Protein chains: 2
Amino acid sequence: MTLKKDITIYDIASKLELSSSTVSRALRNNPSISKKTIDKIQKAAKEMGYRPNKLAASLRGNKTKTIGVLISKIERPFLSSLISGIEVKAQESGYNVIIAQSHDSYEDEVNLAKTLYSNRVSGVICSLAMDTKDTSHFQQFIDKGIPLVFVDRVPRDFNTFLVMIDNFSAGYKATKHLIEQGCKRIAHFTGSQLRYIYSERKRGYIAALKDYNLPLDESLICYFDNLSYKEGEKITTELLSRENPPDGIFATNDTSAVAAIKAAKKMNVKIPEDLAIIGFNDDPIATIIEPQLSTGTHPAVKMGVISATKVLEYLKKPKNQDFMEITLLNTDIIVRESSKRK
Amino acid sequence: MTLKKDITIYDIASKLELSSSTVSRALRNNPSISKKTIDKIQKAAKEMGYRPNKLAASLRGNKTKTIGVLISKIERPFLSSLISGIEVKAQESGYNVIIAQSHDSYEDEVNLAKTLYSNRVSGVICSLAMDTKDTSHFQQFIDKGIPLVFVDRVPRDFNTFLVMIDNFSAGYKATKHLIEQGCKRIAHFTGSQLRYIYSERKRGYIAALKDYNLPLDESLICYFDNLSYKEGEKITTELLSRENPPDGIFATNDTSAVAAIKAAKKMNVKIPEDLAIIGFNDDPIATIIEPQLSTGTHPAVKMGVISATKVLEYLKKPKNQDFMEITLLNTDIIVRESSKRK
DNA sequence: TTGTAAGCGTTATCAA
DNA sequence: TTGATAACGCTTACAA
């Protein structure tokens, strides 16, 4: 097996009888090099099959042009779209994206943060694991001036960039919509209250009930462990078996909402007449289920692009990072069959 | 903004009055260093907050411990699961995963391959863009002894690792299943015939028809551009409007199959009685649609793990890479409501 | 068991 | 406009 050797700037330099620094500059179109030399060098580089060694450049410049993305699970539609947005934006600017999945484990998240650091990523974009309380493992990035963006599942108390939707308003809108459809007893599916996004949506839910003079029944607030389909089925079945079942459900994700639809149908509960349901995220399943699921939009790709943009902008002109910049995106309710009573 | 300086092995060395090489070795538990020294060094490293600079190590060792993944779009459930499998396996072995999306564009694929090369990835795992004909942009990896694995959408004529399911058999089984349900006129939704996976499934479909003495009606083979929901809707509607419509559909992906179900329902065609449908991939939507979609399994996570394993094994003991190693995974038919007539 | 020194491929500084 | 040289932080012969 004879491997082709890597061509370096030295190879080009010696072939053209120039110095390596001239070659280096020419390849980056440095204006101090004459047009003629630049052309000659770039031509030779192409012919010889030169490929810059980004490793060496990174080491030298102490910047990797790499964005580390730390999320729970790629398979979640919201997260894969988020990554897609990040990747597109990063690519545009010549940055690479490296992916790390915490699988919603705090320990993994801590270790992966270390790994990203060791890899000297230029910036980090993170959506927290479900049960992360302590976020001190992110301090290392701040200490080094590495831009850090939390997206969607953000911590409550960390001074950095946050990108998320207006979750309070989202919860409020979704609940208001159900109220407008005539719902009087609205259940709410929520996730870990450590996660701001869930507690805020819940707060929006509560505020809407209050504004419309509906009593708050704590027993209708269902705290999920992982917002899975299975959990959604189980809890819906339980809810609908009660003496005084709800007539509406605002689920904080589509997976549990779809499970609710299926469970309700199995129990012959009419949707939306007897039970109006709205989810959140607008996952692909929302339009597949019958009746189609009303939901709140969660602009994943856009959030990815914005997150990456924050990182890239910061890298261009770093500021004191002892601040918090929150980007709140608007969210809309998409009304589909599962909640449309009129 | 005062940034913490990076601690290097030199900092540790001078603090402990040792040499940098001793520190370097101790940090990697090199047996030639005394237990006592190792402990002392590792303790100091921890206290001082040392983080290895992988960049420097990579440059020195000319290996990055990074696997480049080149795929069309992360959002596809099959691909995000594939990546997940790759990431988990890579993580285990201390490798990073960098993601590049071609968005099914041949030009992007060529450029991204270059970028991955410039980043000196240790290995590459790729699922081709829909319309990639020429695969010479991958030769650079072979020339350098960088392990290259094609997964799922593989080229026809490239000597390297291939990981895929037995697509011929998959197509055969799916078709056979429909025949066994009594279908006589089975339509087939297929993708670009440049992609082996689609042409092989089609070959399986044709072989099954032949084995069961059903005539092959070329007009029932539908060539899709992108296998999207929209395309599926349109083509199904057209098919069912014919004088002599099909009584079964074998769709090469679930998206188009689900679209077919929806379109058929809209036209009051009974599923599975009048039209039995089977898809492929077992995407999440398959169990959400009603009737639930029969489909062929596509073990994405497993394929990811295997692909990563091939890369890692090769890196452990490189061989002559002028060979082809095909890993064919088995696939099963999951019979659900959309095709179960008895 | 530990130390010295060279080198990985760039880029930046200074000098010519 | 170009060249010589040092440096980025690590690993690894080779020497002690």
# chains A, B, ... in the order shown; residues from 1 in each chain; ligands from 1

call {"tool": "interface_residues", "arguments": {"of": "chain B", "to": "chain D", "cutoff": "9 Å", "atoms": "only C-alpha atoms (C1' of nucleotides)", "output": "ChimeraX atom specification"}}
result
/B:8-10,21,24-25,52-61

call {"tool": "select_by_dssp", "arguments": {"residues": "range 62-137 of chain A", "states": "helix (DSSP H, G or I)", "output": "PDB file with N, CA, C and O atoms, in the first residue's frame"}}
result
ATOM      1  N   PRO A  77     -36.779  15.402  16.211  1.00  0.00           N
ATOM      2  CA  PRO A  77     -36.928  16.240  15.017  1.00  0.00           C
ATOM      3  C   PRO A  77     -36.515  17.690  15.272  1.00  0.00           C
ATOM      4  O   PRO A  77     -35.847  18.298  14.444  1.00  0.00           O
ATOM      5  N   PHE A  78     -36.883  18.212  16.420  1.00  0.00           N
ATOM      6  CA  PHE A  78     -36.495  19.590  16.694  1.00  0.00           C
ATOM      7  C   PHE A  78     -34.978  19.732  16.681  1.00  0.00           C
ATOM      8  O   PHE A  78     -34.433  20.675  16.095  1.00  0.00           O
ATOM      9  N   LEU A  79     -34.295  18.808  17.295  1.00  0.00           N
ATOM     10  CA  LEU A  79     -32.845  18.923  17.397  1.00  0.00           C
ATOM     11  C   LEU A  79     -32.136  18.655  16.082  1.00  0.00           C
ATOM     12  O   LEU A  79     -31.134  19.302  15.766  1.00  0.00           O
ATOM     13  N   SER A  80     -32.642  17.727  15.298  1.00  0.00           N
ATOM     14  CA  SER A  80     -31.959  17.502  14.029  1.00  0.00           C
ATOM     15  C   SER A  80     -32.144  18.713  13.116  1.00  0.00           C
ATOM     16  O   SER A  80     -31.229  19.096  12.384  1.00  0.00           O
ATOM     17  N   SER A  81     -33.298  19.354  13.202  1.00  0.00           N
ATOM     18  CA  SER A  81     -33.487  20.572  12.415  1.00  0.00           C
ATOM     19  C   SER A  81     -32.601  21.700  12.932  1.00  0.00           C
ATOM     20  O   SER A  81     -32.036  22.482  12.167  1.00  0.00           O
ATOM     21  N   LEU A  82     -32.488  21.771  14.238  1.00  0.00           N
ATOM     22  CA  LEU A  82     -31.623  22.779  14.838  1.00  0.00           C
ATOM     23  C   LEU A  82     -30.187  22.616  14.327  1.00  0.00           C
ATOM     24  O   LEU A  82     -29.554  23.571  13.876  1.00  0.00           O
ATOM     25  N   ILE A  83     -29.715  21.397  14.386  1.00  0.00           N
ATOM     26  CA  ILE A  83     -28.352  21.115  13.924  1.00  0.00           C
ATOM     27  C   ILE A  83     -28.207  21.481  12.459  1.00  0.00           C
ATOM     28  O   ILE A  83     -27.197  22.042  12.037  1.00  0.00           O
ATOM     29  N   SER A  84     -29.241  21.146  11.709  1.00  0.00           N
ATOM     30  CA  SER A  84     -29.185  21.456  10.291  1.00  0.00           C
ATOM     31  C   SER A  84     -28.971  22.954  10.085  1.00  0.00           C
ATOM     32  O   SER A  84     -28.134  23.377   9.284  1.00  0.00           O
ATOM     33  N   GLY A  85     -29.710  23.746  10.816  1.00  0.00           N
ATOM     34  CA  GLY A  85     -29.552  25.196  10.718  1.00  0.00           C
ATOM     35  C   GLY A  85     -28.151  25.637  11.111  1.00  0.00           C
ATOM     36  O   GLY A  85     -27.535  26.474  10.444  1.00  0.00           O
ATOM     37  N   ILE A  86     -27.654  25.075  12.176  1.00  0.00           N
ATOM     38  CA  ILE A  86     -26.305  25.405  12.622  1.00  0.00           C
ATOM     39  C   ILE A  86     -25.289  25.043  11.540  1.00  0.00           C
ATOM     40  O   ILE A  86     -24.404  25.830  11.196  1.00  0.00           O
ATOM     41  N   GLU A  87     -25.462  23.844  11.010  1.00  0.00           N
ATOM     42  CA  GLU A  87     -24.488  23.342  10.046  1.00  0.00           C
ATOM     43  C   GLU A  87     -24.447  24.210   8.799  1.00  0.00           C
ATOM     44  O   GLU A  87     -23.374  24.527   8.277  1.00  0.00           O
ATOM     45  N   VAL A  88     -25.613  24.595   8.315  1.00  0.00           N
ATOM     46  CA  VAL A  88     -25.675  25.403   7.101  1.00  0.00           C
ATOM     47  C   VAL A  88     -24.957  26.740   7.318  1.00  0.00           C
ATOM     48  O   VAL A  88     -24.125  27.157   6.514  1.00  0.00           O
ATOM     49  N   LYS A  89     -25.282  27.384   8.425  1.00  0.00           N
ATOM     50  CA  LYS A  89     -24.671  28.677   8.713  1.00  0.00           C
ATOM     51  C   LYS A  89     -23.154  28.539   8.912  1.00  0.00           C
ATOM     52  O   LYS A  89     -22.364  29.359   8.420  1.00  0.00           O
ATOM     53  N   ALA A  90     -22.768  27.511   9.612  1.00  0.00           N
ATOM     54  CA  ALA A  90     -21.341  27.298   9.890  1.00  0.00           C
ATOM     55  C   ALA A  90     -20.579  27.052   8.588  1.00  0.00           C
ATOM     56  O   ALA A  90     -19.530  27.650   8.330  1.00  0.00           O
ATOM     57  N   GLN A  91     -21.135  26.184   7.790  1.00  0.00           N
ATOM     58  CA  GLN A  91     -20.538  25.846   6.504  1.00  0.00           C
ATOM     59  C   GLN A  91     -20.247  27.105   5.686  1.00  0.00           C
ATOM     60  O   GLN A  91     -19.174  27.270   5.129  1.00  0.00           O
ATOM     61  N   GLU A  92     -21.249  27.960   5.631  1.00  0.00           N
ATOM     62  CA  GLU A  92     -21.133  29.231   4.901  1.00  0.00           C
ATOM     63  C   GLU A  92     -19.878  29.996   5.276  1.00  0.00           C
ATOM     64  O   GLU A  92     -19.260  30.661   4.456  1.00  0.00           O
ATOM     65  N   TYR A 106     -26.728  13.888  32.616  1.00  0.00           N
ATOM     66  CA  TYR A 106     -25.911  14.986  33.138  1.00  0.00           C
ATOM     67  C   TYR A 106     -24.425  14.643  33.092  1.00  0.00           C
ATOM     68  O   TYR A 106     -23.607  15.454  32.660  1.00  0.00           O
ATOM     69  N   GLU A 107     -24.091  13.424  33.489  1.00  0.00           N
ATOM     70  CA  GLU A 107     -22.675  13.029  33.498  1.00  0.00           C
ATOM     71  C   GLU A 107     -22.075  13.106  32.096  1.00  0.00           C
ATOM     72  O   GLU A 107     -20.971  13.604  31.899  1.00  0.00           O
ATOM     73  N   ASP A 108     -22.797  12.575  31.133  1.00  0.00           N
ATOM     74  CA  ASP A 108     -22.305  12.629  29.758  1.00  0.00           C
ATOM     75  C   ASP A 108     -22.106  14.072  29.329  1.00  0.00           C
ATOM     76  O   ASP A 108     -21.130  14.413  28.673  1.00  0.00           O
ATOM     77  N   GLU A 109     -23.041  14.896  29.723  1.00  0.00           N
ATOM     78  CA  GLU A 109     -22.948  16.299  29.333  1.00  0.00           C
ATOM     79  C   GLU A 109     -21.666  16.929  29.877  1.00  0.00           C
ATOM     80  O   GLU A 109     -20.956  17.642  29.164  1.00  0.00           O
ATOM     81  N   VAL A 110     -21.363  16.633  31.116  1.00  0.00           N
ATOM     82  CA  VAL A 110     -20.149  17.167  31.730  1.00  0.00           C
ATOM     83  C   VAL A 110     -18.904  16.688  30.971  1.00  0.00           C
ATOM     84  O   VAL A 110     -18.020  17.482  30.618  1.00  0.00           O
ATOM     85  N   ASN A 111     -18.872  15.387  30.695  1.00  0.00           N
ATOM     86  CA  ASN A 111     -17.710  14.848  29.995  1.00  0.00           C
ATOM     87  C   ASN A 111     -17.568  15.391  28.589  1.00  0.00           C
ATOM     88  O   ASN A 111     -16.478  15.694  28.124  1.00  0.00           O
ATOM     89  N   LEU A 112     -18.704  15.506  27.919  1.00  0.00           N
ATOM     90  CA  LEU A 112     -18.657  15.984  26.545  1.00  0.00           C
ATOM     91  C   LEU A 112     -18.223  17.438  26.498  1.00  0.00           C
ATOM     92  O   LEU A 112     -17.519  17.858  25.577  1.00  0.00           O
ATOM     93  N   ALA A 113     -18.613  18.196  27.496  1.00  0.00           N
ATOM     94  CA  ALA A 113     -18.173  19.591  27.552  1.00  0.00           C
ATOM     95  C   ALA A 113     -16.644  19.617  27.650  1.00  0.00           C
ATOM     96  O   ALA A 113     -15.984  20.401  26.971  1.00  0.00           O
ATOM     97  N   LYS A 114     -16.111  18.742  28.461  1.00  0.00           N
ATOM     98  CA  LYS A 114     -14.645  18.657  28.571  1.00  0.00           C
ATOM     99  C   LYS A 114     -14.012  18.302  27.233  1.00  0.00           C
ATOM    100  O   LYS A 114     -13.015  18.887  26.824  1.00  0.00           O
ATOM    101  N   THR A 115     -14.596  17.321  26.591  1.00  0.00           N
ATOM    102  CA  THR A 115     -14.050  16.895  25.303  1.00  0.00           C
ATOM    103  C   THR A 115     -14.071  18.040  24.301  1.00  0.00           C
ATOM    104  O   THR A 115     -13.095  18.276  23.602  1.00  0.00           O
ATOM    105  N   LEU A 116     -15.192  18.737  24.258  1.00  0.00           N
ATOM    106  CA  LEU A 116     -15.287  19.853  23.315  1.00  0.00           C
ATOM    107  C   LEU A 116     -14.197  20.874  23.630  1.00  0.00           C
ATOM    108  O   LEU A 116     -13.535  21.403  22.740  1.00  0.00           O
ATOM    109  N   TYR A 117     -14.021  21.109  24.897  1.00  0.00           N
ATOM    110  CA  TYR A 117     -12.986  22.052  25.291  1.00  0.00           C
ATOM    111  C   TYR A 117     -11.619  21.582  24.827  1.00  0.00           C
ATOM    112  O   TYR A 117     -10.849  22.351  24.244  1.00  0.00           O
ATOM    113  N   SER A 118     -11.325  20.317  25.095  1.00  0.00           N
ATOM    114  CA  SER A 118     -10.022  19.773  24.696  1.00  0.00           C
ATOM    115  C   SER A 118      -9.811  19.857  23.193  1.00  0.00           C
ATOM    116  O   SER A 118      -8.700  19.943  22.711  1.00  0.00           O
ATOM    117  N   SER A 136     -22.039  24.400  35.975  1.00  0.00           N
ATOM    118  CA  SER A 136     -20.683  24.934  36.132  1.00  0.00           C
ATOM    119  C   SER A 136     -19.712  24.340  35.114  1.00  0.00           C
ATOM    120  O   SER A 136     -18.641  24.894  34.883  1.00  0.00           O
ATOM    121  N   HIS A 137     -20.089  23.224  34.507  1.00  0.00           N
ATOM    122  CA  HIS A 137     -19.187  22.654  33.491  1.00  0.00           C
ATOM    123  C   HIS A 137     -19.113  23.505  32.232  1.00  0.00           C
ATOM    124  O   HIS A 137     -18.342  23.204  31.333  1.00  0.00           O
TER     125      HIS A 137
END

call {"tool": "interface_residues", "arguments": {"of": "chain C", "to": "chain A", "cutoff": "9 Å", "atoms": "only C-alpha atoms (C1' of nucleotides)", "output": "list in words"}}
result
DC8, DG9, DT10 and DT11 of chain C

call {"tool": "atom_distance", "arguments": {"atom1": "CA of Lys266 in chain B", "atom2": "CA of Gln292 in chain B"}}
result
16.1 Å

call {"tool": "decode", "arguments": {"residues": "range 5-16 of chain D", "atoms": "N, CA, C and O atoms (P, O5', C5', C4', C3', O3' and C1' of nucleotides)", "output": "compact mmCIF listing (two decimals), in the first residue's frame"}}
result
# COMPACT_ATOMS: atom_id res chain seq x y z
P DT D 5 17.66 31.52 9.39
O5' DT D 5 16.46 31.71 10.41
C5' DT D 5 16.24 33.01 10.98
C4' DT D 5 15.18 32.93 12.04
C3' DT D 5 15.15 31.59 12.79
O3' DT D 5 14.95 31.88 14.16
C1' DT D 5 13.02 32.05 11.95
P DA D 6 15.17 30.82 15.28
O5' DA D 6 13.98 31.17 16.28
C5' DA D 6 13.55 32.52 16.38
C4' DA D 6 12.09 32.55 16.78
C3' DA D 6 11.71 31.49 17.82
O3' DA D 6 10.82 32.09 18.73
C1' DA D 6 10.35 31.22 15.92
P DA D 7 10.57 31.48 20.17
O5' DA D 7 9.02 31.07 20.11
C5' DA D 7 8.06 32.02 19.70
C4' DA D 7 6.83 31.28 19.26
C3' DA D 7 6.46 30.08 20.15
O3' DA D 7 5.21 30.32 20.74
C1' DA D 7 6.33 29.55 17.83
P DC D 8 4.79 29.49 22.02
O5' DC D 8 3.32 29.00 21.73
C5' DC D 8 2.40 29.64 20.87
C4' DC D 8 1.55 28.59 20.21
C3' DC D 8 1.45 27.28 20.98
O3' DC D 8 0.30 27.33 21.83
C1' DC D 8 1.73 26.93 18.60
P DG D 9 0.40 27.03 23.36
O5' DG D 9 0.45 25.44 23.41
C5' DG D 9 -0.71 24.72 23.07
C4' DG D 9 -0.35 23.26 22.95
C3' DG D 9 0.25 22.64 24.21
O3' DG D 9 -0.47 21.45 24.48
C1' DG D 9 1.60 22.16 22.35
P DC D 10 -0.19 20.50 25.66
O5' DC D 10 0.35 19.23 24.88
C5' DC D 10 -0.53 18.52 24.03
C4' DC D 10 0.25 17.78 22.98
C3' DC D 10 0.99 16.55 23.47
O3' DC D 10 0.19 15.41 23.18
C1' DC D 10 2.29 17.83 21.90
P DT D 11 0.62 14.03 23.79
O5' DT D 11 1.73 13.56 22.76
C5' DT D 11 1.33 13.17 21.46
C4' DT D 11 2.55 12.67 20.70
C3' DT D 11 3.18 11.40 21.26
O3' DT D 11 3.47 10.58 20.13
C1' DT D 11 4.82 13.07 21.06
P DT D 12 3.78 9.05 20.32
O5' DT D 12 5.32 8.96 19.90
C5' DT D 12 5.77 9.62 18.72
C4' DT D 12 7.28 9.57 18.68
C3' DT D 12 7.88 8.33 19.34
O3' DT D 12 9.07 7.99 18.65
C1' DT D 12 8.73 10.23 20.37
P DA D 13 9.05 6.60 17.82
O5' DA D 13 10.42 5.81 18.02
C5' DA D 13 11.37 6.36 18.77
C4' DA D 13 12.42 7.10 17.91
C3' DA D 13 13.80 6.59 18.18
O3' DA D 13 14.69 6.87 17.11
C1' DA D 13 13.43 8.67 19.28
P DC D 14 16.07 6.09 17.05
O5' DC D 14 16.94 6.85 18.15
C5' DC D 14 17.22 8.24 17.97
C4' DC D 14 17.86 8.75 19.22
C3' DC D 14 18.89 7.78 19.84
O3' DC D 14 20.13 8.46 19.92
C1' DC D 14 17.40 8.61 21.49
P DA D 15 21.44 7.75 20.52
O5' DA D 15 21.61 8.56 21.88
C5' DA D 15 20.99 9.83 21.99
C4' DA D 15 21.23 10.41 23.37
C3' DA D 15 22.37 9.77 24.16
O3' DA D 15 23.03 10.81 24.87
C1' DA D 15 20.32 9.49 25.34
P DA D 16 24.15 10.53 25.92
O5' DA D 16 23.36 10.50 27.28
C5' DA D 16 22.92 11.71 27.87
C4' DA D 16 22.36 11.39 29.23
C3' DA D 16 23.36 10.70 30.16
O3' DA D 16 23.39 11.39 31.39
C1' DA D 16 21.33 9.51 30.10
